[in-house]
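Visitor: One structure, pasted below without further comment.
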Amino acid sequence: MYILGIETSCDETGVAIYHSQRGLIHHLLYSQIEMHSEYGGVVPELASRDHIRKLIPLVKQLLLESELTKTDITAIAYTAGPGLMGALLVGAATAQSLAFAWNIPTVVVHHMEGHLLAPMLEENPPEFPFVALLISGGHTLLVKVASVGNYVLLGESLDDAAGEAFDKTAKLLGLNYPGGVKLSELAKFGQTRFRFPRPMTDRPGLDFSFSGLKTFALNTFQNSEKTHQDKADIALAFQNAVADTLAIKCRRALQQTGLKILVVAGGVSANSQIRTTLTEMLEKENGQIFFPRPEFCTDNGAMIAYAGYQRFLFGETQNLEIFARPRWAMSEL
Ligand code: KG4
Ligand code: ZN
């Protein structure tokens with residue numbers, strides 16, 4: 001059984017084909033970074049229009065390079081939310097139109113479930129149950145995962161998501177979109193000079209708050225000479241604070257649940273320092289840690305095809321309804 005996956009929730013057009021026995025067959029990604037960087041961030045209207053331009057040609061190329069035809073596809077999975085309304089509608093309408101033309105069902109996928117299941121595409125996937133840390137541009141979630149679809153929210157960000165904090169801090173240091181990656185590159189040149197707080201780690205609980213770090217970075221920056229070295233040192237201090245905070249909360253979540261496996265996914269999990277800090281923490285705790293490969297940390301079609309396949313197995317298929325939900329809590333799954 002071949003499942004076509006379509007991701008268009010934000011600024012990447014991703015498509016992929018997953019096979020029930022053969023696993024991931026192929027995936028393609030078109031990133032809109034270049035187009036949005038002129039504006040310093042994602043422009044929703046431009047994002048939707050670009051998805052319209054790129055999606056069908058990408059699906060054609062995907063089938064061709066996979067040596068498959070439309071008749072091989074059993075169902076089409078698409079990201080139905082959360083994300084930008086216009087961008088989601090392009091994926092949903094295209095998926096439904098193709099499904100109507102090919103006479104097959106669609107499967108709606110929650111974007112964060114896609115991220116959560118992305119490590120399952122790796123050669124050595126985690127075994128259930130585990131704790132998942134999902135760190136993306138819009139969400140920071142700690143979730144107890146008993147099995148596919150069986151999620152208990154343990155903690156979340158009360159203000160900025162981890163990725164959002166990276167992006168905003170990058171902006172105030174004068175770095176362009178996409179800020180997270182740029183900030184982490186700058187941090188490589190940083191020296192340990194400043195110490196930022198580890199927010200909400202001095203009290204019990206598994207929620208996060210990252211907006212204060214941004215303010216801390218701004219104040220430190222304004223009180224500095226604003227040289228390249230100052231910026232790099234601030235970037236490093238910020239990144240250290242986020243990495244340590246995530247590690248403290250993850251250790252707490254593992255202790256609280258009695259679990260020994262941590263899965264980390266979402267765009268920010270591509271950050272090498274965060275990967276290292278969390279890996280070291282798990283080593284100390286005698287636990288195991290799993291990440292997607294870096295290209296499947298950020299948005300992609302492969303995770304949607306895989307999550308769609310899992311939902312298809314639950315019998316969750318749709319007929320003609322175009323389903324798009326910009327706001328959609330994972331707890332509703
Ligand atoms: O998961 P994702 O691709 O999209 C959403 O679902 O939001 O995550 C994007 C977020 C952005 O905030 C981006 O700055 C951040 O992930 N990000 C990073 C890195 N790569 C992407 N943050 C820190 N370090 C990175 N290497
Ligand atoms: Zn994402």
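FYI, nothing fancy with the structure tokens labels: chains A, B, ... in order, residues from 1 per chain, ligands from 1 as they appear.
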Got a sec to tell me which of segment 186-319 of chain A DSSP assigns to strand (DSSP E or B), as a PyMOL selection string?
Guide: chain A and resi 208+261-265+288-290+318
Visitor: Write the residues of the selection above to a file with all heavy atoms, as an mmCIF file, in the first residue's frame.
Guide:
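Saved as part.cif:
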```cif
data_model
loop_
_atom_site.group_PDB
_atom_site.id
_atom_site.type_symbol
_atom_site.label_atom_id
_atom_site.label_comp_id
_atom_site.auth_asym_id
_atom_site.auth_seq_id
_atom_site.Cartn_x
_atom_site.Cartn_y
_atom_site.Cartn_z
ATOM 1 N N PHE A 208 6.777 25.504 30.113
ATOM 2 C CA PHE A 208 7.924 26.319 29.716
ATOM 3 C C PHE A 208 7.502 27.777 29.564
ATOM 4 O O PHE A 208 6.327 28.070 29.347
ATOM 5 C CB PHE A 208 8.463 25.879 28.348
ATOM 6 C CG PHE A 208 8.856 24.443 28.261
ATOM 7 C CD1 PHE A 208 7.938 23.470 27.901
ATOM 8 C CD2 PHE A 208 10.167 24.056 28.511
ATOM 9 C CE1 PHE A 208 8.306 22.143 27.808
ATOM 10 C CE2 PHE A 208 10.550 22.735 28.411
ATOM 11 C CZ PHE A 208 9.618 21.769 28.061
ATOM 12 N N ILE A 261 12.801 6.542 27.771
ATOM 13 C CA ILE A 261 13.038 6.873 26.358
ATOM 14 C C ILE A 261 12.515 8.271 26.063
ATOM 15 O O ILE A 261 11.361 8.588 26.377
ATOM 16 C CB ILE A 261 12.361 5.851 25.419
ATOM 17 C CG1 ILE A 261 12.915 4.445 25.678
ATOM 18 C CG2 ILE A 261 12.551 6.240 23.959
ATOM 19 C CD1 ILE A 261 12.225 3.362 24.883
ATOM 20 N N LEU A 262 13.380 9.096 25.462
ATOM 21 C CA LEU A 262 12.982 10.443 25.063
ATOM 22 C C LEU A 262 13.088 10.564 23.544
ATOM 23 O O LEU A 262 14.101 10.188 22.955
ATOM 24 C CB LEU A 262 13.890 11.492 25.727
ATOM 25 C CG LEU A 262 13.552 12.947 25.400
ATOM 26 C CD1 LEU A 262 12.226 13.375 26.042
ATOM 27 C CD2 LEU A 262 14.667 13.897 25.842
ATOM 28 N N VAL A 263 12.024 11.081 22.946
ATOM 29 C CA VAL A 263 12.000 11.345 21.508
ATOM 30 C C VAL A 263 11.941 12.859 21.337
ATOM 31 O O VAL A 263 11.132 13.518 21.997
ATOM 32 C CB VAL A 263 10.769 10.669 20.867
ATOM 33 C CG1 VAL A 263 10.463 11.235 19.502
ATOM 34 C CG2 VAL A 263 10.968 9.158 20.802
ATOM 35 N N VAL A 264 12.808 13.411 20.517
ATOM 36 C CA VAL A 264 12.839 14.857 20.330
ATOM 37 C C VAL A 264 12.634 15.165 18.850
ATOM 38 O O VAL A 264 13.332 14.603 18.002
ATOM 39 C CB VAL A 264 14.185 15.453 20.801
ATOM 40 C CG1 VAL A 264 14.114 16.966 20.824
ATOM 41 C CG2 VAL A 264 14.557 14.927 22.179
ATOM 42 N N ALA A 265 11.672 16.025 18.544
ATOM 43 C CA ALA A 265 11.385 16.321 17.137
ATOM 44 C C ALA A 265 10.898 17.756 16.970
ATOM 45 O O ALA A 265 10.699 18.462 17.958
ATOM 46 C CB ALA A 265 10.347 15.333 16.619
ATOM 47 N N GLN A 288 17.495 6.306 26.757
ATOM 48 C CA GLN A 288 17.786 6.339 25.324
ATOM 49 C C GLN A 288 17.123 7.571 24.718
ATOM 50 O O GLN A 288 16.020 7.952 25.131
ATOM 51 C CB GLN A 288 17.178 5.124 24.629
ATOM 52 C CG GLN A 288 17.936 3.826 24.807
ATOM 53 C CD GLN A 288 17.151 2.722 24.105
ATOM 54 O OE1 GLN A 288 16.080 2.335 24.555
ATOM 55 N NE2 GLN A 288 17.678 2.248 22.991
ATOM 56 N N ILE A 289 17.802 8.145 23.718
ATOM 57 C CA ILE A 289 17.225 9.324 23.055
ATOM 58 C C ILE A 289 17.136 9.076 21.557
ATOM 59 O O ILE A 289 18.007 8.415 20.983
ATOM 60 C CB ILE A 289 18.041 10.596 23.393
ATOM 61 C CG1 ILE A 289 17.326 11.854 22.886
ATOM 62 C CG2 ILE A 289 19.454 10.529 22.842
ATOM 63 C CD1 ILE A 289 17.782 13.133 23.549
ATOM 64 N N PHE A 290 16.079 9.589 20.944
ATOM 65 C CA PHE A 290 15.865 9.404 19.504
ATOM 66 C C PHE A 290 15.503 10.740 18.868
ATOM 67 O O PHE A 290 14.671 11.476 19.406
ATOM 68 C CB PHE A 290 14.725 8.409 19.259
ATOM 69 C CG PHE A 290 15.027 7.019 19.735
ATOM 70 C CD1 PHE A 290 14.807 6.676 21.061
ATOM 71 C CD2 PHE A 290 15.545 6.070 18.873
ATOM 72 C CE1 PHE A 290 15.100 5.389 21.516
ATOM 73 C CE2 PHE A 290 15.842 4.787 19.315
ATOM 74 C CZ PHE A 290 15.617 4.443 20.641
ATOM 75 N N GLN A 318 -11.246 10.066 4.787
ATOM 76 C CA GLN A 318 -12.232 11.101 4.506
ATOM 77 C C GLN A 318 -12.674 10.971 3.064
ATOM 78 O O GLN A 318 -11.938 10.445 2.239
ATOM 79 C CB GLN A 318 -11.560 12.471 4.631
ATOM 80 C CG GLN A 318 -11.127 12.828 6.011
ATOM 81 C CD GLN A 318 -11.975 13.943 6.563
ATOM 82 O OE1 GLN A 318 -12.408 14.804 5.831
ATOM 83 N NE2 GLN A 318 -12.229 13.919 7.841
#
```
Visitor: Looking only at the backbone, which of the residues in segment 2-243 of chain A does DSSP tag as helix (DSSP H, G or I), as a ChimeraX atom specification?
Guide: /A:33-37,44-65,70-72,85-102,111-121,162-172,179-187,211-222,228-243
Visitor: Please find the residues contacting ligand 1 at a distance of at most 10 Å between atoms, with only C-alpha atoms and all ligand atoms counted, and report them as a ChimeraX atom specification.
Guide: /A:9-12,81-83,111-112,114-115,134-140,161-168,170,177-185,239,242,265-275,294-300
Visitor: Using only C-alpha atoms, which residue out of A:Thr192, A:Gly301, A:Ile56, A:Ile234 lies closest to His27 of chain A?
Guide: A:Gly301
Visitor: From the set A:Lys260, A:Arg327, A:Lys249, A:His110, which residue has the shortest atom-to-atom contact distance to ligand 2, counting only C-alpha atoms and all ligand atoms?
Guide: A:His110
Visitor: Write out as a PyMOL selection string each polymer residue whose atoms come within 7 Å of segment 186-189 of chain A, counting only C-alpha atoms; drop sequence neighbours fewer than 4 positions from it.
Guide: chain A and resi 182+232-233+235-236
Visitor: Write to file, as a PDB file, in the first residue's frame, the residues of the selection just made, with C-alpha atoms.
Guide:
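Result file result16.pdb:
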```
ATOM      1  CA  LYS A 182      21.314  31.829  11.718  1.00  0.00           C
ATOM      2  CA  ALA A 232      27.900  35.766  19.115  1.00  0.00           C
ATOM      3  CA  ASP A 233      28.331  35.653  22.898  1.00  0.00           C
ATOM      4  CA  ALA A 235      23.605  33.916  20.845  1.00  0.00           C
ATOM      5  CA  LEU A 236      25.629  31.282  22.706  1.00  0.00           C
TER       6      LEU A 236
END
```
Visitor: May I ask which of the residues A:Glu285, A:Glu156, A:Ile304, A:Leu58 is the closest one to ligand 2, counting only C-alpha atoms and all ligand atoms?
Guide: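 Nearest to ligand 2: A:Ile304.
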Visitor: Which of these, A:Ala47, A:Arg193, A:Thr79, A:Lys60, has the shortest distance to ligand 2 once you count only C-alpha atoms and all ligand atoms?
Guide: A:Thr79
Visitor: May I ask which of the residues A:Glu38, A:Glu113, A:Asp202, A:Glu67 is the closest one to Asn150 of chain A, counting only C-alpha atoms?
Guide: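 Between A:Glu38, A:Glu113, A:Asp202, A:Glu67, the residue approaching Asn150 of chain A most closely is A:Glu113.
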Visitor: Between A:Ala217, A:Val148, A:Ala87, A:Met303, which is the closest to ligand 2 once you count only C-alpha atoms and all ligand atoms?
Guide: A:Met303
Visitor: How many Å separate atom CA of Leu142 of chain A from atom CA of Gly155 of chain A?
Guide: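 Between these atoms lies a distance of 5.0 Å.
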Visitor: Could you tell me how far atom CA of Arg252 of chain A sits from atom CA of Leu213 of chain A, in Å to one decimal place?
Guide: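 Distance reported for this atom pair: 20.9 Å.
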Visitor: To one decimal place, how far is atom CA of Trp102 of chain A from atom CA of Ser48 of chain A in Å?
Guide: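 Atom-to-atom, atom CA of Trp102 of chain A to atom CA of Ser48 of chain A, that is 23.9 Å.
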Visitor: What lies within 10 Å of Asp244 of chain A using only C-alpha atoms, ignoring chain neighbours under 3 positions off, as a list in words?
Guide: Pro197, Arg198, Pro199, Thr201, Gln239, Asn240, Ala241, Ala247, Ile248, Lys249, Cys250, Gln273, Ile274, Thr277, Leu278 and Met281 of chain A
